[in-house]
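Pasting query09.csv here (CSV, N, CA and C atoms and all ligand atoms):
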```
chain,number,residue,atom,x,y,z
A,14,MET,N,23.3,0.3,11.0
A,14,MET,CA,22.5,-0.2,9.8
A,14,MET,C,21.1,0.3,10.0
A,15,ALA,N,20.5,0.8,8.9
A,15,ALA,CA,19.2,1.4,8.9
A,15,ALA,C,18.1,0.3,9.0
A,16,SER,N,17.1,0.5,9.8
A,16,SER,CA,16.0,-0.5,9.9
A,16,SER,C,15.0,-0.1,8.7
A,17,SER,N,14.2,-1.1,8.4
A,17,SER,CA,13.3,-1.0,7.3
A,17,SER,C,12.2,0.0,7.6
A,18,SER,N,11.9,0.3,8.9
A,18,SER,CA,10.9,1.2,9.3
A,18,SER,C,11.4,2.7,9.3
A,19,GLU,N,12.7,2.8,9.2
A,19,GLU,CA,13.3,4.2,9.2
A,19,GLU,C,12.9,4.9,7.9
A,20,ILE,N,12.6,6.2,8.0
A,20,ILE,CA,12.3,6.9,6.8
A,20,ILE,C,13.5,7.1,6.0
A,21,ASN,N,13.4,6.8,4.7
A,21,ASN,CA,14.5,6.9,3.8
A,21,ASN,C,14.5,8.3,3.2
A,22,PRO,N,15.5,9.1,3.5
A,22,PRO,CA,15.5,10.5,3.0
A,22,PRO,C,15.5,10.6,1.5
A,23,ALA,N,15.9,9.5,0.8
A,23,ALA,CA,15.9,9.6,-0.7
A,23,ALA,C,14.6,9.3,-1.3
A,24,ARG,N,13.6,8.9,-0.5
A,24,ARG,CA,12.3,8.6,-1.1
A,24,ARG,C,11.7,9.9,-1.5
A,25,PRO,N,11.2,10.1,-2.7
A,25,PRO,CA,10.7,11.4,-3.1
A,25,PRO,C,9.4,11.7,-2.5
A,26,VAL,N,9.2,13.0,-2.2
A,26,VAL,CA,7.9,13.4,-1.7
A,26,VAL,C,6.8,13.4,-2.8
A,27,ALA,N,5.6,13.6,-2.4
A,27,ALA,CA,4.5,13.6,-3.3
A,27,ALA,C,4.6,14.7,-4.3
A,28,GLY,N,4.2,14.5,-5.5
A,28,GLY,CA,4.2,15.6,-6.5
A,28,GLY,C,5.4,15.7,-7.4
A,29,VAL,N,6.4,14.8,-7.2
A,29,VAL,CA,7.6,14.8,-8.1
A,29,VAL,C,7.2,14.2,-9.4
A,30,ARG,N,7.5,14.9,-10.5
A,30,ARG,CA,7.3,14.3,-11.8
A,30,ARG,C,8.3,13.2,-12.2
A,31,LEU,N,7.8,12.1,-12.5
A,31,LEU,CA,8.7,10.9,-12.8
A,31,LEU,C,9.0,10.9,-14.3
A,32,CYS,N,8.0,10.9,-15.2
A,32,CYS,CA,8.2,10.8,-16.6
A,32,CYS,C,6.8,11.1,-17.3
A,33,ALA,N,6.9,11.2,-18.6
A,33,ALA,CA,5.7,11.2,-19.4
A,33,ALA,C,5.1,9.8,-19.5
A,34,LEU,N,3.8,9.7,-19.5
A,34,LEU,CA,3.2,8.3,-19.6
A,34,LEU,C,3.8,7.6,-20.8
A,35,ALA,N,4.0,8.3,-21.9
A,35,ALA,CA,4.4,7.7,-23.2
A,35,ALA,C,5.8,7.1,-23.1
A,36,GLU,N,6.5,7.4,-22.0
A,36,GLU,CA,7.9,6.9,-21.8
A,36,GLU,C,7.8,5.5,-21.2
A,37,ILE,N,6.6,5.0,-20.8
A,37,ILE,CA,6.5,3.7,-20.3
A,37,ILE,C,5.7,2.8,-21.3
A,38,ALA,N,6.4,1.8,-21.8
A,38,ALA,CA,5.7,0.9,-22.8
A,38,ALA,C,4.4,0.3,-22.2
A,39,ASP,N,3.5,-0.1,-23.1
A,39,ASP,CA,2.3,-0.7,-22.7
A,39,ASP,C,2.1,-2.0,-23.5
A,40,PRO,N,2.3,-3.2,-22.8
A,40,PRO,CA,2.7,-3.3,-21.4
A,40,PRO,C,4.2,-3.0,-21.2
A,41,GLY,N,4.5,-2.6,-20.1
A,41,GLY,CA,5.9,-2.3,-19.8
A,41,GLY,C,6.1,-1.7,-18.4
A,42,ALA,N,7.3,-1.3,-18.1
A,42,ALA,CA,7.6,-0.8,-16.8
A,42,ALA,C,8.8,0.1,-16.9
A,43,LYS,N,9.0,1.0,-15.9
A,43,LYS,CA,10.1,1.9,-15.9
A,43,LYS,C,10.6,2.1,-14.4
A,44,GLY,N,11.9,2.0,-14.3
A,44,GLY,CA,12.5,2.2,-12.9
A,44,GLY,C,12.9,3.6,-12.7
A,45,PHE,N,13.0,3.9,-11.4
A,45,PHE,CA,13.4,5.3,-11.0
A,45,PHE,C,14.3,5.2,-9.8
A,46,ARG,N,15.4,5.9,-9.7
A,46,ARG,CA,16.2,5.9,-8.6
A,46,ARG,C,16.5,7.3,-8.1
A,47,PHE,N,16.5,7.5,-6.8
A,47,PHE,CA,16.7,8.8,-6.2
A,47,PHE,C,17.8,8.6,-5.1
A,48,ARG,N,18.6,9.6,-5.0
A,48,ARG,CA,19.7,9.5,-4.0
A,48,ARG,C,19.7,10.8,-3.2
A,49,GLN,N,19.9,10.6,-1.9
A,49,GLN,CA,20.1,11.7,-1.0
A,49,GLN,C,20.7,11.2,0.3
A,50,ASP,N,21.7,12.0,0.8
A,50,ASP,CA,22.3,11.7,2.1
A,50,ASP,C,22.9,10.3,2.1
A,51,GLY,N,23.5,9.9,1.0
A,51,GLY,CA,24.1,8.6,0.9
A,51,GLY,C,23.1,7.4,0.8
A,52,ARG,N,21.8,7.7,0.7
A,52,ARG,CA,20.8,6.7,0.7
A,52,ARG,C,20.2,6.6,-0.7
A,53,ILE,N,19.7,5.5,-1.1
A,53,ILE,CA,19.0,5.4,-2.4
A,53,ILE,C,17.6,4.9,-2.2
A,54,PHE,N,16.7,5.5,-3.0
A,54,PHE,CA,15.3,4.9,-3.0
A,54,PHE,C,15.1,4.5,-4.5
A,55,ALA,N,14.7,3.2,-4.7
A,55,ALA,CA,14.4,2.7,-6.0
A,55,ALA,C,12.9,2.3,-6.1
A,56,GLY,N,12.3,2.7,-7.1
A,56,GLY,CA,10.9,2.3,-7.4
A,56,GLY,C,10.7,2.0,-8.9
A,57,PHE,N,9.6,1.4,-9.2
A,57,PHE,CA,9.3,1.2,-10.6
A,57,PHE,C,7.8,1.3,-10.8
A,58,VAL,N,7.4,1.7,-12.0
A,58,VAL,CA,6.0,1.9,-12.4
A,58,VAL,C,5.7,0.9,-13.5
A,59,VAL,N,4.6,0.2,-13.3
A,59,VAL,CA,4.1,-0.8,-14.3
A,59,VAL,C,2.9,-0.3,-15.0
A,60,ARG,N,2.9,-0.5,-16.3
A,60,ARG,CA,1.8,0.0,-17.1
A,60,ARG,C,1.3,-1.2,-18.0
A,61,LYS,N,0.0,-1.4,-17.9
A,61,LYS,CA,-0.7,-2.3,-18.9
A,61,LYS,C,-2.1,-1.9,-19.1
A,62,GLY,N,-2.4,-1.4,-20.2
A,62,GLY,CA,-3.8,-0.9,-20.5
A,62,GLY,C,-4.1,0.2,-19.5
A,63,GLU,N,-5.2,0.1,-18.8
A,63,GLU,CA,-5.6,1.1,-17.8
A,63,GLU,C,-4.8,1.0,-16.5
A,64,LEU,N,-4.1,-0.1,-16.3
A,64,LEU,CA,-3.4,-0.3,-15.1
A,64,LEU,C,-2.1,0.6,-15.0
A,65,LEU,N,-1.9,1.3,-14.0
A,65,LEU,CA,-0.7,2.1,-13.8
A,65,LEU,C,-0.4,2.1,-12.3
A,66,VAL,N,0.6,1.4,-11.9
A,66,VAL,CA,0.9,1.1,-10.5
A,66,VAL,C,2.4,1.2,-10.2
A,67,GLY,N,2.7,1.6,-9.0
A,67,GLY,CA,4.1,1.7,-8.6
A,67,GLY,C,4.4,0.8,-7.5
A,68,TYR,N,5.7,0.3,-7.5
A,68,TYR,CA,6.2,-0.5,-6.4
A,68,TYR,C,7.6,-0.1,-6.0
A,69,VAL,N,7.9,-0.3,-4.7
A,69,VAL,CA,9.3,-0.2,-4.3
A,69,VAL,C,10.1,-1.3,-4.9
A,70,ASP,N,11.3,-1.0,-5.5
A,70,ASP,CA,12.1,-2.0,-6.2
A,70,ASP,C,12.9,-2.8,-5.2
A,71,SER,N,12.2,-3.6,-4.4
A,71,SER,CA,12.8,-4.4,-3.4
A,71,SER,C,12.0,-5.7,-3.3
A,72,CYS,N,12.6,-6.8,-3.6
A,72,CYS,CA,11.9,-8.1,-3.6
A,72,CYS,C,11.6,-8.5,-2.1
A,73,PRO,N,10.4,-8.9,-1.8
A,73,PRO,CA,10.1,-9.3,-0.4
A,73,PRO,C,10.8,-10.6,0.0
A,74,HIS,N,11.4,-11.3,-0.9
A,74,HIS,CA,12.2,-12.5,-0.6
A,74,HIS,C,13.5,-12.1,0.1
A,75,ALA,N,14.3,-11.4,-0.6
A,75,ALA,CA,15.7,-11.1,0.0
A,75,ALA,C,16.0,-9.6,-0.1
A,76,GLY,N,15.1,-8.8,-0.5
A,76,GLY,CA,15.3,-7.3,-0.5
A,76,GLY,C,16.1,-6.9,-1.7
A,77,TRP,N,16.4,-7.7,-2.7
A,77,TRP,CA,17.2,-7.3,-3.8
A,77,TRP,C,16.3,-6.5,-4.8
A,78,PRO,N,16.9,-5.7,-5.6
A,78,PRO,CA,16.2,-5.1,-6.7
A,78,PRO,C,15.7,-6.2,-7.7
A,79,LEU,N,14.5,-5.9,-8.3
A,79,LEU,CA,13.9,-7.0,-9.1
A,79,LEU,C,14.6,-7.2,-10.4
A,80,ALA,N,15.0,-6.2,-11.1
A,80,ALA,CA,15.4,-6.3,-12.5
A,80,ALA,C,16.9,-6.3,-12.6
A,81,THR,N,17.4,-7.2,-13.5
A,81,THR,CA,18.8,-7.2,-13.8
A,81,THR,C,19.2,-6.1,-14.8
A,82,PHE,N,18.3,-5.8,-15.7
A,82,PHE,CA,18.5,-4.8,-16.7
A,82,PHE,C,17.5,-3.7,-16.6
A,83,ASP,N,17.9,-2.5,-16.9
A,83,ASP,CA,17.0,-1.3,-16.7
A,83,ASP,C,15.6,-1.5,-17.3
A,84,ASP,N,14.6,-1.3,-16.5
A,84,ASP,CA,13.2,-1.3,-17.0
A,84,ASP,C,12.7,-2.7,-17.3
A,85,ARG,N,13.4,-3.7,-17.2
A,85,ARG,CA,13.0,-5.1,-17.5
A,85,ARG,C,12.3,-5.8,-16.3
A,86,TYR,N,11.2,-5.2,-15.9
A,86,TYR,CA,10.5,-5.8,-14.7
A,86,TYR,C,9.5,-6.8,-15.1
A,87,LEU,N,9.0,-6.8,-16.3
A,87,LEU,CA,7.9,-7.7,-16.7
A,87,LEU,C,8.4,-8.9,-17.4
A,88,THR,N,7.6,-10.0,-17.4
A,88,THR,CA,7.9,-11.2,-18.2
A,88,THR,C,7.7,-10.8,-19.7
A,89,ARG,N,8.2,-11.6,-20.5
A,89,ARG,CA,8.2,-11.3,-22.0
A,89,ARG,C,6.8,-11.0,-22.5
A,90,ASP,N,5.8,-11.7,-21.9
A,90,ASP,CA,4.4,-11.6,-22.4
A,90,ASP,C,3.7,-10.4,-21.6
A,91,GLY,N,4.4,-9.8,-20.7
A,91,GLY,CA,3.8,-8.6,-20.0
A,91,GLY,C,2.8,-9.0,-19.0
A,92,GLY,N,2.7,-10.3,-18.7
A,92,GLY,CA,1.7,-10.8,-17.8
A,92,GLY,C,2.0,-10.8,-16.3
A,93,HIS,N,3.3,-10.8,-16.0
A,93,HIS,CA,3.8,-10.8,-14.6
A,93,HIS,C,5.0,-9.9,-14.4
A,94,ILE,N,5.2,-9.6,-13.2
A,94,ILE,CA,6.5,-8.9,-12.7
A,94,ILE,C,7.4,-10.1,-12.3
A,95,LEU,N,8.7,-10.0,-12.8
A,95,LEU,CA,9.6,-11.0,-12.5
A,95,LEU,C,10.8,-10.5,-11.6
A,96,CYS,N,11.1,-11.2,-10.6
A,96,CYS,CA,12.3,-10.9,-9.8
A,96,CYS,C,13.4,-11.8,-10.4
A,97,THR,N,14.4,-11.2,-10.9
A,97,THR,CA,15.5,-12.1,-11.5
A,97,THR,C,16.4,-12.7,-10.4
A,98,GLY,N,16.2,-12.2,-9.2
A,98,GLY,CA,17.1,-12.8,-8.1
A,98,GLY,C,17.0,-14.3,-8.0
A,99,HIS,N,15.8,-14.8,-7.8
A,99,HIS,CA,15.5,-16.2,-7.7
A,99,HIS,C,14.3,-16.6,-8.5
A,100,GLY,N,13.9,-15.8,-9.4
A,100,GLY,CA,12.9,-16.2,-10.4
A,100,GLY,C,11.4,-16.1,-9.9
A,101,ALA,N,11.2,-15.4,-8.8
A,101,ALA,CA,9.8,-15.3,-8.4
A,101,ALA,C,8.9,-14.5,-9.4
A,102,LEU,N,7.7,-14.9,-9.6
A,102,LEU,CA,6.7,-14.1,-10.4
A,102,LEU,C,5.7,-13.5,-9.5
A,103,PHE,N,5.3,-12.3,-9.9
A,103,PHE,CA,4.3,-11.5,-9.1
A,103,PHE,C,3.2,-11.1,-10.1
A,104,THR,N,1.9,-11.1,-9.7
A,104,THR,CA,0.9,-10.6,-10.5
A,104,THR,C,1.1,-9.1,-10.7
A,105,LEU,N,0.5,-8.5,-11.7
A,105,LEU,CA,0.7,-7.0,-11.9
A,105,LEU,C,0.2,-6.2,-10.7
A,106,ASP,N,-0.7,-6.8,-9.9
A,106,ASP,CA,-1.1,-6.0,-8.7
A,106,ASP,C,-0.2,-6.4,-7.5
A,107,GLY,N,0.9,-7.0,-7.7
A,107,GLY,CA,1.9,-7.1,-6.7
A,107,GLY,C,1.9,-8.3,-5.8
A,108,ALA,N,1.1,-9.3,-6.1
A,108,ALA,CA,1.0,-10.5,-5.2
A,108,ALA,C,2.0,-11.5,-5.7
A,109,GLY,N,2.7,-12.1,-4.8
A,109,GLY,CA,3.6,-13.2,-5.2
A,109,GLY,C,2.9,-14.4,-5.7
A,110,ALA,N,3.3,-14.9,-6.9
A,110,ALA,CA,2.5,-15.9,-7.5
A,110,ALA,C,3.3,-17.2,-7.6
A,111,THR,N,4.6,-17.2,-7.4
A,111,THR,CA,5.4,-18.4,-7.4
A,111,THR,C,6.4,-18.3,-6.3
A,112,SER,N,7.0,-19.5,-5.9
A,112,SER,CA,8.1,-19.6,-5.0
A,112,SER,C,9.3,-18.8,-5.5
A,113,PRO,N,10.1,-18.2,-4.6
A,113,PRO,CA,9.9,-18.1,-3.1
A,113,PRO,C,9.1,-17.0,-2.6
A,114,CYS,N,8.2,-16.4,-3.4
A,114,CYS,CA,7.5,-15.2,-2.9
A,114,CYS,C,6.0,-15.5,-2.9
A,115,LEU,N,5.6,-16.8,-3.0
A,115,LEU,CA,4.2,-17.1,-2.9
A,115,LEU,C,3.6,-16.6,-1.5
A,116,GLY,N,2.6,-15.8,-1.6
A,116,GLY,CA,2.0,-15.3,-0.3
A,116,GLY,C,2.6,-14.0,0.1
A,117,LEU,N,3.6,-13.6,-0.5
A,117,LEU,CA,4.2,-12.3,-0.2
A,117,LEU,C,3.8,-11.2,-1.2
A,118,ARG,N,4.0,-10.0,-0.9
A,118,ARG,CA,3.6,-8.9,-1.7
A,118,ARG,C,4.7,-7.9,-1.9
A,119,LEU,N,4.7,-7.3,-3.1
A,119,LEU,CA,5.6,-6.1,-3.3
A,119,LEU,C,5.0,-5.0,-2.5
A,120,THR,N,5.9,-4.1,-2.1
A,120,THR,CA,5.5,-2.9,-1.4
A,120,THR,C,5.0,-1.8,-2.4
A,121,SER,N,3.8,-1.3,-2.2
A,121,SER,CA,3.3,-0.3,-3.1
A,121,SER,C,4.1,1.0,-3.0
A,122,TRP,N,4.2,1.7,-4.1
A,122,TRP,CA,4.8,3.0,-4.1
A,122,TRP,C,3.7,3.9,-4.8
A,123,LEU,N,3.2,4.8,-4.1
A,123,LEU,CA,2.0,5.6,-4.6
A,123,LEU,C,2.5,6.5,-5.7
A,124,ILE,N,1.8,6.4,-6.8
A,124,ILE,CA,2.1,7.2,-8.0
A,124,ILE,C,0.7,7.7,-8.5
A,125,GLU,N,0.7,8.7,-9.3
A,125,GLU,CA,-0.5,9.2,-9.9
A,125,GLU,C,-0.3,9.8,-11.3
A,126,LEU,N,-1.3,9.6,-12.1
A,126,LEU,CA,-1.3,10.2,-13.5
A,126,LEU,C,-1.9,11.5,-13.5
A,127,ARG,N,-1.2,12.5,-13.9
A,127,ARG,CA,-1.8,13.9,-14.1
A,127,ARG,C,-1.6,14.3,-15.5
A,128,GLY,N,-2.7,14.3,-16.2
A,128,GLY,CA,-2.7,14.5,-17.6
A,128,GLY,C,-1.9,13.4,-18.3
A,129,GLU,N,-0.8,13.7,-19.0
A,129,GLU,CA,-0.1,12.7,-19.7
A,129,GLU,C,1.3,12.5,-19.0
A,130,ALA,N,1.4,12.8,-17.7
A,130,ALA,CA,2.6,12.6,-17.0
A,130,ALA,C,2.4,11.8,-15.7
A,131,VAL,N,3.4,11.1,-15.2
A,131,VAL,CA,3.3,10.3,-14.0
A,131,VAL,C,4.1,11.0,-12.9
A,132,PHE,N,3.5,11.1,-11.8
A,132,PHE,CA,4.0,11.8,-10.6
A,132,PHE,C,4.0,10.9,-9.4
A,133,THR,N,4.9,11.2,-8.4
A,133,THR,CA,4.7,10.5,-7.1
A,133,THR,C,3.4,11.0,-6.5
A,134,GLY,N,2.8,10.1,-5.8
A,134,GLY,CA,1.5,10.4,-5.1
A,134,GLY,C,1.7,10.7,-3.7
B,201,LIG,S1,15.3,-11.8,-4.2
B,201,LIG,FE1,13.5,-11.9,-5.5
B,201,LIG,S2,13.1,-14.0,-5.6
B,201,LIG,FE2,14.8,-13.9,-4.3
```

Could you render the structure from this file as C-alpha cells?
Amino acid sequence: MASSSEINPARPVAGVRLCALAEIADPGAKGFRFRQDGRIFAGFVVRKGELLVGYVDSCPHAGWPLATFDDRYLTRDGGHILCTGHGALFTLDGAGATSPCLGLRLTSWLIELRGEAVFTG
C-alpha cells in the first residue's frame, strides 16, 4: 500500500494546461483527474471573483473525494466547499469550518492563471 508521503506518479508536473478560465463557473469549481502507472491524482480548482485556488480532491477526514457529482464542490450559494462524504464544510481558502473537519485543512494544489487559461503551478 502506498504511503501518503510517496510521490504519486499521476500528479501532473508544473505547466500542464488544465482548462480555459471560462470553463470554470464564477462562483464554481472544476475537477481534474490524471492517471499514470495505475495511480490516480485528483484535484479541483475553485473560482470566485478574483479567487482562483486548487486543492487535492481528498477530504482530510477520511481521504474520500469531496464531490459526489462532477464539479459540484461548492455549496449552492458558492460560499463554501462541501465534502459530501460526511457533510463537512470548508471555507474557500481550504479551512475546515464544520465537523468532522473543524481545524483540518484541504491540501493545496498549486495552480496558476496564464492569460485566460489555468495551468498546474
Ligand atoms: S470524508 Fe469528508 S467529511 Fe468525512

Please provide the set of residues having any atom within 6.5 Å of Arg118 (chain A), restricted to only N, CA and C atoms, with same-chain residues fewer than 2 positions apart removed, written as a count of residues only.
7

Using only N, CA and C atoms, find the one residue out of A:Leu117, A:Ile20, A:Ala42, A:Ile124 that sits nearest to Leu87 (chain A).
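That would be A:Ala42, the residue with the smallest distance to Leu87 (chain A).
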
To one decimal place, how far is atom N of Leu95 (chain A) from CA of Gln49 (chain A) in Å?
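The value is 27.2 Å.
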
Could you list, as a list in words, all protein and nucleic acid residues with an atom at most 6 Å from ligand LIG 201 (chain B), counting all atoms listed in the file?
Cys72, Pro73, His74, Ala75, Gly76, Trp77, Cys96, Thr97, Gly98, His99, Gly100, Ala101, Pro113 and Cys114 of chain A

Residues from last step as file, N, CA and C atoms, as an mmCIF file, keeping the file's coordinate frame:
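Final output, again.cif:
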```cif
data_model
loop_
_atom_site.group_PDB
_atom_site.id
_atom_site.type_symbol
_atom_site.label_atom_id
_atom_site.label_comp_id
_atom_site.auth_asym_id
_atom_site.auth_seq_id
_atom_site.Cartn_x
_atom_site.Cartn_y
_atom_site.Cartn_z
ATOM 1 N N CYS A 72 12.600 -6.800 -3.600
ATOM 2 C CA CYS A 72 11.900 -8.100 -3.600
ATOM 3 C C CYS A 72 11.600 -8.500 -2.100
ATOM 4 N N PRO A 73 10.400 -8.900 -1.800
ATOM 5 C CA PRO A 73 10.100 -9.300 -0.400
ATOM 6 C C PRO A 73 10.800 -10.600 0.000
ATOM 7 N N HIS A 74 11.400 -11.300 -0.900
ATOM 8 C CA HIS A 74 12.200 -12.500 -0.600
ATOM 9 C C HIS A 74 13.500 -12.100 0.100
ATOM 10 N N ALA A 75 14.300 -11.400 -0.600
ATOM 11 C CA ALA A 75 15.700 -11.100 0.000
ATOM 12 C C ALA A 75 16.000 -9.600 -0.100
ATOM 13 N N GLY A 76 15.100 -8.800 -0.500
ATOM 14 C CA GLY A 76 15.300 -7.300 -0.500
ATOM 15 C C GLY A 76 16.100 -6.900 -1.700
ATOM 16 N N TRP A 77 16.400 -7.700 -2.700
ATOM 17 C CA TRP A 77 17.200 -7.300 -3.800
ATOM 18 C C TRP A 77 16.300 -6.500 -4.800
ATOM 19 N N CYS A 96 11.100 -11.200 -10.600
ATOM 20 C CA CYS A 96 12.300 -10.900 -9.800
ATOM 21 C C CYS A 96 13.400 -11.800 -10.400
ATOM 22 N N THR A 97 14.400 -11.200 -10.900
ATOM 23 C CA THR A 97 15.500 -12.100 -11.500
ATOM 24 C C THR A 97 16.400 -12.700 -10.400
ATOM 25 N N GLY A 98 16.200 -12.200 -9.200
ATOM 26 C CA GLY A 98 17.100 -12.800 -8.100
ATOM 27 C C GLY A 98 17.000 -14.300 -8.000
ATOM 28 N N HIS A 99 15.800 -14.800 -7.800
ATOM 29 C CA HIS A 99 15.500 -16.200 -7.700
ATOM 30 C C HIS A 99 14.300 -16.600 -8.500
ATOM 31 N N GLY A 100 13.900 -15.800 -9.400
ATOM 32 C CA GLY A 100 12.900 -16.200 -10.400
ATOM 33 C C GLY A 100 11.400 -16.100 -9.900
ATOM 34 N N ALA A 101 11.200 -15.400 -8.800
ATOM 35 C CA ALA A 101 9.800 -15.300 -8.400
ATOM 36 C C ALA A 101 8.900 -14.500 -9.400
ATOM 37 N N PRO A 113 10.100 -18.200 -4.600
ATOM 38 C CA PRO A 113 9.900 -18.100 -3.100
ATOM 39 C C PRO A 113 9.100 -17.000 -2.600
ATOM 40 N N CYS A 114 8.200 -16.400 -3.400
ATOM 41 C CA CYS A 114 7.500 -15.200 -2.900
ATOM 42 C C CYS A 114 6.000 -15.500 -2.900
#
```

Counting all atoms listed in the file, the residue among A:Ala55, A:Leu123, A:Ile94, A:Ala80 that lies closest to Ala27 (chain A) is A:Leu123

Which residues in chain A does DSSP call strand (DSSP E)? List them as a ChimeraX atom specification.
/A:30-33,41-49,52-61,64-69,94-95,102-103,124-127,130-133

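The gap separating atom N of Gly44 (chain A) from atom N of Trp122 (chain A) is 12.8 Å, in Å to one decimal.
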
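The shortest atom-to-atom distance to Gly67 (chain A), with only C-alpha atoms taken into account, belongs to A:Glu125 out of A:Asp90, A:Asp50, A:Glu19, A:Glu125.
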
Take atom C of Tyr86 (chain A) and atom N of Glu36 (chain A) and report the distance between them in Å, one decimal.
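Answer for the atom C of Tyr86 (chain A) to atom N of Glu36 (chain A) separation: 16.1 Å.
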
Could you give me, as a Markdown table, every region 21-102 of chain A residue with an atom at most 6 Å from region 130-133 of chain A, plus its closest atom pair and distance in Å to one decimal, counting only N, CA and C atoms, rows ordered by chain then number?
```
| residue | atom | partner | partner_atom | distance |
| --- | --- | --- | --- | --- |
| A:Val26 | C | A:Thr133 | C | 5.6 |
| A:Ala27 | CA | A:Thr133 | C | 4.3 |
| A:Gly28 | N | A:Thr133 | C | 3.7 |
| A:Val29 | C | A:Thr133 | N | 3.9 |
| A:Arg30 | CA | A:Phe132 | CA | 4.3 |
| A:Leu31 | N | A:Val131 | C | 3.9 |
| A:Cys32 | C | A:Val131 | N | 4.0 |
| A:Ala33 | CA | A:Ala130 | CA | 4.2 |
| A:Leu34 | N | A:Ala130 | CA | 4.0 |
```

Shortest interatomic distance to Val58 (chain A) - which of A:Leu105, A:Ser71, A:Gly128, A:Lys43, counting only N, CA and C atoms
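Between A:Leu105, A:Ser71, A:Gly128, A:Lys43, the residue approaching Val58 (chain A) most closely is A:Lys43.
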
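Using only N, CA and C atoms, the shortest contact distance between Val69 (chain A) and any of A:Ser121, A:Thr104, A:Ser112, A:Thr81 is found at A:Ser121.
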
Keeping C-alpha atoms, write region 45-76 of chain A of the structure just shown out as an mmCIF file, in the first residue's frame.
```cif
data_model
loop_
_atom_site.group_PDB
_atom_site.id
_atom_site.type_symbol
_atom_site.label_atom_id
_atom_site.label_comp_id
_atom_site.auth_asym_id
_atom_site.auth_seq_id
_atom_site.Cartn_x
_atom_site.Cartn_y
_atom_site.Cartn_z
ATOM 1 C CA PHE A 45 -9.426 17.121 -12.831
ATOM 2 C CA ARG A 46 -8.185 13.556 -12.842
ATOM 3 C CA PHE A 47 -4.870 12.190 -14.070
ATOM 4 C CA ARG A 48 -3.858 8.557 -14.362
ATOM 5 C CA GLN A 49 -0.422 7.005 -14.658
ATOM 6 C CA ASP A 50 1.090 3.652 -13.682
ATOM 7 C CA GLY A 51 -2.175 2.505 -12.150
ATOM 8 C CA ARG A 52 -2.371 5.538 -9.883
ATOM 9 C CA ILE A 53 -4.822 8.421 -9.922
ATOM 10 C CA PHE A 54 -4.333 12.023 -8.931
ATOM 11 C CA ALA A 55 -7.496 14.070 -8.437
ATOM 12 C CA GLY A 56 -7.616 17.785 -7.858
ATOM 13 C CA PHE A 57 -10.096 20.609 -8.235
ATOM 14 C CA VAL A 58 -9.972 24.324 -8.842
ATOM 15 C CA VAL A 59 -12.278 26.795 -7.101
ATOM 16 C CA ARG A 60 -13.159 30.131 -8.646
ATOM 17 C CA LYS A 61 -14.984 33.011 -7.018
ATOM 18 C CA GLY A 62 -14.333 36.537 -8.220
ATOM 19 C CA GLU A 63 -10.601 37.162 -8.005
ATOM 20 C CA LEU A 64 -10.053 33.948 -6.053
ATOM 21 C CA LEU A 65 -8.650 31.016 -8.028
ATOM 22 C CA VAL A 66 -7.247 28.195 -5.938
ATOM 23 C CA GLY A 67 -6.567 24.483 -6.291
ATOM 24 C CA TYR A 68 -6.914 21.599 -3.861
ATOM 25 C CA VAL A 69 -6.161 17.914 -3.875
ATOM 26 C CA ASP A 70 -9.518 16.130 -4.084
ATOM 27 C CA SER A 71 -9.140 14.234 -0.838
ATOM 28 C CA CYS A 72 -11.026 15.085 2.321
ATOM 29 C CA PRO A 73 -8.790 15.365 5.411
ATOM 30 C CA HIS A 74 -11.410 13.452 7.398
ATOM 31 C CA ALA A 75 -11.340 10.096 5.614
ATOM 32 C CA GLY A 76 -9.478 10.714 2.378
#
```
